[in-house]
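Asker: Please find one structure pasted underneath; my questions will follow.
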Amino acid sequence: MKIITDIKAMQKKADELRAIGKKIGFVPTMGFLHEGHLNLIREAKKRCDTTIMSIYVNPTQFGPDEDLDDYPRDFDRDCSLAEKEGCDIIFHPDSKQIYPDNYLTYVEVEDITSVLCGASRPGHFKGVTTIVTKLFNIVKPHVAVFGQKDAQQAIVIKKMTRDLNLDIDIVVAPIVREKDGLAKSSRNTYLSGDEREQALVLNQSLKMAEKEIKSGERNAEKLKSAIVDLITRQPDAVIDYVEIVEADTLAPVTIITNEVLIAFAVKIGRTRLIDNIVVQV
């Protein structure tokens, strides 16, 4: 496995791979890899000849009071895990290259970034779409793989790719969960033992809502109230948002008639966790 830290070197390598007809699969990450990330590598390898993973903690998607400085990092461990999964190249730039002095250019998707996580994290998706666009221009992939756990992010990236006529196939891989149902996340390491137990209510509430829909419930507000009630029984749980929206547009839903995305963000102690499920009526 090759590690590349220089932007021009990465672009040159991507050009070389394309010139000999290699199909490039790309997995953008912020590192501290877990099984969810490794599954993205597997998905890329199914579709492509060469798999490239970026490891870069992007400062522009963190708010001023968020966990940029504390975000977990372990580059050597990440490289070992990625290599075992068959990743071919790690792209690991530093911020001085990505955002040089007097950096002024950003990419922004409107409307669908102002709801869900975008409502409580102003500027977050502006940072996400900017860094992803930059990485696409550096790595030059044919296919890019994202995780369903960040459902809104995947929808935003798909929209950005279509709107900017980027010739990249966006693949969304299923959520990878622990055996007890908790969605894999780098931030799970922040949880204490008791908080980790309380966090199980997140997947439990999604399963409850899915069961209710499959049993005929169509009132979105009633379902949201039931989710809130279940989650807030946990002493350290504070809800950021609970929403039921159209799965492709993120438009709010009152009566469920089609496929919906049930998504929420919840703080367990000091740790903000997100989870979601797509339910087809």
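To be explicit about the labels: the chains of the structure tokens are called A, B, and onward in the order shown, and within each one the residues are counted from 1, while ligands get numbers from 1 in the order they are shown.
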Just the residues within 10 Å of Leu191 (chain A), please, counting only C-alpha atoms, with nothing from its chain fewer than 3 positions along; format it as a PyMOL selection string.
Answerer: chain A and resi 187-188+194-199+268-272
Asker: Kindly export the residues of the current selection with N, CA and C atoms, as an mmCIF file, in the first residue's frame.
Answerer:
data_model
loop_
_atom_site.group_PDB
_atom_site.id
_atom_site.type_symbol
_atom_site.label_atom_id
_atom_site.label_comp_id
_atom_site.auth_asym_id
_atom_site.auth_seq_id
_atom_site.Cartn_x
_atom_site.Cartn_y
_atom_site.Cartn_z
ATOM 1 N N ARG A 187 -16.953 8.343 17.013
ATOM 2 C CA ARG A 187 -17.294 9.049 18.252
ATOM 3 C C ARG A 187 -17.797 8.111 19.348
ATOM 4 N N ASN A 188 -18.051 6.850 19.033
ATOM 5 C CA ASN A 188 -18.473 5.909 20.074
ATOM 6 C C ASN A 188 -17.417 5.762 21.166
ATOM 7 N N ASP A 194 -21.724 3.305 30.903
ATOM 8 C CA ASP A 194 -23.153 3.529 31.114
ATOM 9 C C ASP A 194 -23.778 4.243 29.920
ATOM 10 N N GLU A 195 -23.068 5.220 29.369
ATOM 11 C CA GLU A 195 -23.580 5.936 28.199
ATOM 12 C C GLU A 195 -23.696 5.003 27.003
ATOM 13 N N ARG A 196 -22.741 4.100 26.887
ATOM 14 C CA ARG A 196 -22.784 3.128 25.786
ATOM 15 C C ARG A 196 -24.050 2.279 25.864
ATOM 16 N N GLU A 197 -24.448 1.888 27.065
ATOM 17 C CA GLU A 197 -25.685 1.126 27.256
ATOM 18 C C GLU A 197 -26.900 1.969 26.889
ATOM 19 N N GLN A 198 -26.899 3.229 27.335
ATOM 20 C CA GLN A 198 -28.013 4.114 27.021
ATOM 21 C C GLN A 198 -28.156 4.347 25.522
ATOM 22 N N ALA A 199 -27.029 4.363 24.802
ATOM 23 C CA ALA A 199 -27.047 4.641 23.364
ATOM 24 C C ALA A 199 -27.773 3.561 22.562
ATOM 25 N N ILE A 268 -25.682 11.740 23.901
ATOM 26 C CA ILE A 268 -25.638 10.855 25.061
ATOM 27 C C ILE A 268 -24.454 11.340 25.894
ATOM 28 N N GLY A 269 -24.757 12.014 27.005
ATOM 29 C CA GLY A 269 -23.696 12.704 27.719
ATOM 30 C C GLY A 269 -23.197 13.849 26.857
ATOM 31 N N ARG A 270 -21.899 13.869 26.570
ATOM 32 C CA ARG A 270 -21.340 14.935 25.728
ATOM 33 C C ARG A 270 -21.175 14.510 24.272
ATOM 34 N N THR A 271 -21.566 13.263 23.960
ATOM 35 C CA THR A 271 -21.290 12.708 22.640
ATOM 36 C C THR A 271 -22.517 12.797 21.737
ATOM 37 N N ARG A 272 -22.358 13.488 20.625
ATOM 38 C CA ARG A 272 -23.453 13.624 19.661
ATOM 39 C C ARG A 272 -23.399 12.457 18.678
#
Asker: Excluding Gly63 (chain A) and residues on its chain fewer than 2 positions from it, collect all residues at most 9 Å away from it, counting only C-alpha atoms, and give them as a list in words.
Answerer: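 Residues near the query, excluding close chain neighbours: Pro59, Thr60, Gln61, Asp65, Glu66, Asp67, Leu68, Arg121, Pro122, Gly123 and His124 of chain A.
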Asker: Separation of CA of Asp88 (chain A) and CA of Ile52 (chain A), in Å?
Answerer: 6.0 Å
Asker: Would you mind listing what lies within 7 Å of region 223-235 of chain A as a list in words, with only C-alpha atoms counted and same-chain residues fewer than 3 positions away left out?
Answerer: Gln198, Val201, Leu202, Ser205, Ala209, Asn219, Ala220, Val238, Val242 and Glu243 of chain A
Asker: Include N, CA and C atoms and write out the residues we just selected as an mmCIF file, in the first residue's frame.
Answerer:
data_model
loop_
_atom_site.group_PDB
_atom_site.id
_atom_site.type_symbol
_atom_site.label_atom_id
_atom_site.label_comp_id
_atom_site.auth_asym_id
_atom_site.auth_seq_id
_atom_site.Cartn_x
_atom_site.Cartn_y
_atom_site.Cartn_z
ATOM 1 N N GLN A 198 -26.899 3.229 27.335
ATOM 2 C CA GLN A 198 -28.013 4.114 27.021
ATOM 3 C C GLN A 198 -28.156 4.347 25.522
ATOM 4 N N VAL A 201 -30.646 2.709 22.832
ATOM 5 C CA VAL A 201 -32.014 3.146 22.584
ATOM 6 C C VAL A 201 -32.169 3.739 21.184
ATOM 7 N N LEU A 202 -31.082 4.179 20.576
ATOM 8 C CA LEU A 202 -31.175 4.812 19.263
ATOM 9 C C LEU A 202 -31.665 3.815 18.216
ATOM 10 N N SER A 205 -35.230 2.586 18.927
ATOM 11 C CA SER A 205 -36.312 3.490 18.546
ATOM 12 C C SER A 205 -36.561 3.449 17.036
ATOM 13 N N ALA A 209 -40.094 2.329 15.258
ATOM 14 C CA ALA A 209 -40.804 3.136 14.267
ATOM 15 C C ALA A 209 -41.033 2.350 12.982
ATOM 16 N N ASN A 219 -49.027 8.311 10.490
ATOM 17 C CA ASN A 219 -48.931 9.663 11.047
ATOM 18 C C ASN A 219 -47.490 9.926 11.500
ATOM 19 N N ALA A 220 -46.792 10.786 10.769
ATOM 20 C CA ALA A 220 -45.374 11.024 11.053
ATOM 21 C C ALA A 220 -45.167 11.686 12.411
ATOM 22 N N VAL A 238 -30.129 13.685 25.304
ATOM 23 C CA VAL A 238 -30.700 14.984 24.944
ATOM 24 C C VAL A 238 -30.844 15.013 23.432
ATOM 25 N N VAL A 242 -35.370 14.970 15.776
ATOM 26 C CA VAL A 242 -35.941 13.733 15.247
ATOM 27 C C VAL A 242 -36.819 14.138 14.078
ATOM 28 N N GLU A 243 -36.552 13.583 12.901
ATOM 29 C CA GLU A 243 -37.317 13.972 11.718
ATOM 30 C C GLU A 243 -37.681 12.755 10.884
#
Asker: Would you give me, as CSV, each residue of region 111-192 of chain A having an atom within 6 Å of an atom of region 10-24 of chain A, along with its shortest atom pair and that distance in Å to one decimal, using only C-alpha atoms and sorting by chain and residue number?
Answerer:
residue,atom,partner,partner_atom,distance
A:Ile138,CA,A:Gln11,CA,5.2
A:Val139,CA,A:Ala14,CA,5.9
A:Pro141,CA,A:Ile24,CA,4.8
A:His142,CA,A:Ile24,CA,5.3
Asker: Keeping C-alpha atoms for every residue in the selection just given, could you write it to a file as a tab-separated table (two decimals), in the first residue's frame?
Answerer:
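part-v1.tsv written:
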chain	number	residue	atom	x	y	z
A	138	ILE	CA	-7.30	15.50	-6.50
A	139	VAL	CA	-8.07	11.76	-6.53
A	141	PRO	CA	-12.17	8.74	-9.00
A	142	HIS	CA	-14.67	6.94	-11.20
Asker: Would you please extract all strand (DSSP E or B) residues from region 112-274 of chain A, as assigned by DSSP on the backbone, and give them as a PyMOL selection string?
Answerer: chain A and resi 143-147+169-173+177+183+219+237-246+252+255+260-268+271-274
Asker: Please, what distance in Å, to one decimal, runs between CA of Asp70 (chain A) and CA of Gln204 (chain A)?
Answerer: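 According to the coordinates, CA of Asp70 (chain A) and CA of Gln204 (chain A) are separated by 28.5 Å.
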Asker: For each of A:Glu246, A:Asp240, A:Glu43, A:Asp275, take the minimum atom-to-atom distance to Ala173 (chain A), counting only C-alpha atoms, then give the residue where this is smallest.
Answerer: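 The answer is A:Glu43, which sits nearest to Ala173 (chain A).
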Asker: Can you measure CA of Val109 (chain A) to CA of Asp163 (chain A) for me? One decimal in Å is fine.
Answerer: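 Calculated distance between CA of Val109 (chain A) and CA of Asp163 (chain A) is 9.1 Å.
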Asker: Using only C-alpha atoms, pick whichever of A:Tyr99, A:Tyr56, A:Phe125, A:Phe62 has the shortest atom-to-atom distance to Gln152 (chain A).
Answerer: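 Smallest separation from Gln152 (chain A) among the options: A:Phe125.
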Asker: With distances taken over only C-alpha atoms, which residue among A:Phe136, A:Gly181, A:Ile112, A:Ala251 lies nearest Asp169 (chain A)?
Answerer: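 Looking at the shortest contact to Asp169 (chain A), the residue is A:Phe136.
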Asker: Using only C-alpha atoms, find the one residue out of A:Phe32, A:Phe75, A:Phe91, A:Phe26 that sits nearest to Asp6 (chain A).
Answerer: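 Among the listed residues, A:Phe91 lies closest to Asp6 (chain A).
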Asker: Looking at only C-alpha atoms, which of A:Lys214, A:Lys149, A:Lys2, A:Lys222 is the one that sits closest to Thr50 (chain A)?
Answerer: A:Lys2
Asker: Can you pull out every residue from region 1-225 of chain A that DSSP, working from the backbone, puts in helix (DSSP H, G or I), and format the result as an MDAnalysis selection string?
Answerer: chainID A and resid 7:19 35:47 59:61 75:84 95:98 117:120 124:139 148:163 186:190 193:198 200:214 220:225
Asker: Put those residues in a file: C-alpha atoms, as a tab-separated table (two decimals), in the first residue's frame.
Answerer:
chain	number	residue	atom	x	y	z
A	7	ILE	CA	-1.63	16.93	-3.78
A	8	LYS	CA	0.27	17.15	-7.08
A	9	ALA	CA	1.74	13.68	-6.51
A	10	MET	CA	-1.78	12.30	-5.92
A	11	GLN	CA	-3.09	13.97	-9.06
A	12	LYS	CA	-0.17	12.60	-11.10
A	13	LYS	CA	-0.78	9.08	-9.77
A	14	ALA	CA	-4.49	9.35	-10.59
A	15	ASP	CA	-3.64	10.47	-14.13
A	16	GLU	CA	-1.28	7.52	-14.53
A	17	LEU	CA	-3.93	5.06	-13.35
A	18	ARG	CA	-6.53	6.51	-15.70
A	19	ALA	CA	-4.08	6.48	-18.61
A	35	GLU	CA	-15.72	-1.70	10.49
A	36	GLY	CA	-18.01	0.77	8.71
A	37	HIS	CA	-15.05	2.38	6.94
A	38	LEU	CA	-13.55	-1.00	6.09
A	39	ASN	CA	-16.83	-2.01	4.51
A	40	LEU	CA	-16.58	1.05	2.26
A	41	ILE	CA	-13.19	-0.20	1.06
A	42	ARG	CA	-14.76	-3.57	0.26
A	43	GLU	CA	-17.54	-1.88	-1.70
A	44	ALA	CA	-15.00	0.14	-3.69
A	45	LYS	CA	-12.92	-2.94	-4.43
A	46	LYS	CA	-15.97	-4.77	-5.82
A	47	ARG	CA	-16.39	-2.06	-8.43
A	59	PRO	CA	-11.58	21.62	9.90
A	60	THR	CA	-14.18	23.47	7.81
A	61	GLN	CA	-16.96	21.04	8.69
A	75	PHE	CA	-2.88	7.19	11.49
A	76	ASP	CA	-0.61	4.16	11.91
A	77	ARG	CA	-3.52	1.98	13.02
A	78	ASP	CA	-5.64	3.31	10.14
A	79	CYS	CA	-2.96	2.41	7.61
A	80	SER	CA	-2.64	-1.09	9.02
A	81	LEU	CA	-6.40	-1.70	8.87
A	82	ALA	CA	-6.75	-0.25	5.37
A	83	GLU	CA	-3.86	-2.30	4.03
A	84	LYS	CA	-5.33	-5.52	5.44
A	95	SER	CA	-4.35	21.47	5.99
A	96	LYS	CA	-1.67	23.84	4.69
A	97	GLN	CA	-2.05	22.17	1.30
A	98	ILE	CA	-5.82	21.80	1.37
A	117	CYS	CA	-27.92	18.15	10.88
A	118	GLY	CA	-27.60	21.32	8.82
A	119	ALA	CA	-30.08	23.14	11.05
A	120	SER	CA	-28.09	22.52	14.22
A	124	HIS	CA	-21.16	21.99	8.38
A	125	PHE	CA	-22.26	20.90	4.93
A	126	LYS	CA	-20.51	23.83	3.27
A	127	GLY	CA	-17.33	22.35	4.71
A	128	VAL	CA	-18.29	18.83	3.63
A	129	THR	CA	-19.14	19.72	0.03
A	130	THR	CA	-16.03	21.86	-0.31
A	131	ILE	CA	-13.63	19.18	0.89
A	132	VAL	CA	-15.33	16.43	-1.10
A	133	THR	CA	-15.16	18.52	-4.28
A	134	LYS	CA	-11.48	19.20	-3.65
A	135	LEU	CA	-10.79	15.52	-2.99
A	136	PHE	CA	-12.67	14.53	-6.16
A	137	ASN	CA	-10.44	16.93	-8.12
A	138	ILE	CA	-7.30	15.50	-6.50
A	139	VAL	CA	-8.07	11.76	-6.53
A	148	GLN	CA	-25.66	5.36	4.86
A	149	LYS	CA	-25.09	6.32	8.51
A	150	ASP	CA	-24.41	9.84	7.26
A	151	ALA	CA	-27.61	9.73	5.21
A	152	GLN	CA	-27.98	13.48	4.74
A	153	GLN	CA	-24.35	13.78	3.70
A	154	ALA	CA	-24.82	11.07	1.06
A	155	ILE	CA	-27.91	12.80	-0.33
A	156	VAL	CA	-26.11	16.15	-0.42
A	157	ILE	CA	-23.06	14.66	-2.18
A	158	LYS	CA	-25.28	12.95	-4.75
A	159	LYS	CA	-27.06	16.24	-5.44
A	160	MET	CA	-23.79	18.16	-5.71
A	161	THR	CA	-22.35	15.55	-8.09
A	162	ARG	CA	-25.40	15.75	-10.37
A	163	ASP	CA	-25.64	19.55	-10.28
A	186	SER	CA	-15.53	7.01	15.56
A	187	ARG	CA	-17.29	9.05	18.25
A	188	ASN	CA	-18.47	5.91	20.07
A	189	THR	CA	-15.08	5.95	21.81
A	190	TYR	CA	-16.22	9.03	23.73
A	193	GLY	CA	-19.79	2.30	29.84
A	194	ASP	CA	-23.15	3.53	31.11
A	195	GLU	CA	-23.58	5.94	28.20
A	196	ARG	CA	-22.78	3.13	25.79
A	197	GLU	CA	-25.69	1.13	27.26
A	198	GLN	CA	-28.01	4.11	27.02
A	200	LEU	CA	-28.69	1.33	22.45
A	201	VAL	CA	-32.01	3.15	22.58
A	202	LEU	CA	-31.17	4.81	19.26
A	203	ASN	CA	-31.41	1.69	17.12
A	204	GLN	CA	-34.24	0.39	19.30
A	205	SER	CA	-36.31	3.49	18.55
A	206	LEU	CA	-35.69	3.16	14.80
A	207	LYS	CA	-36.77	-0.47	14.86
A	208	MET	CA	-39.86	0.48	16.83
A	209	ALA	CA	-40.80	3.14	14.27
A	210	GLU	CA	-40.18	0.76	11.36
A	211	LYS	CA	-42.41	-1.85	12.99
A	212	GLU	CA	-45.18	0.71	13.51
A	213	ILE	CA	-45.03	1.78	9.86
A	214	LYS	CA	-45.09	-1.82	8.66
A	220	ALA	CA	-45.37	11.02	11.05
A	221	GLU	CA	-45.90	13.31	14.05
A	222	LYS	CA	-47.23	10.44	16.14
A	223	LEU	CA	-44.20	8.33	15.24
A	224	LYS	CA	-41.80	11.17	16.02
A	225	SER	CA	-43.43	11.61	19.42
Asker: For each of A:Lys140, A:His92, A:Lys267, A:Arg218, take the minimum atom-to-atom distance to Asp236 (chain A), counting only C-alpha atoms, then give the residue where this is smallest.
Answerer: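 Going through A:Lys140, A:His92, A:Lys267, A:Arg218 one by one, the smallest distance to Asp236 (chain A) is for A:Lys267.
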Asker: Find the spatial neighbours of Gln280 (chain A), counting only C-alpha atoms, within a cut-off of 7 Å - ignore same-chain residues fewer than 5 positions away - and output them as an MDAnalysis selection string.
Answerer: chainID A and resid 258:260
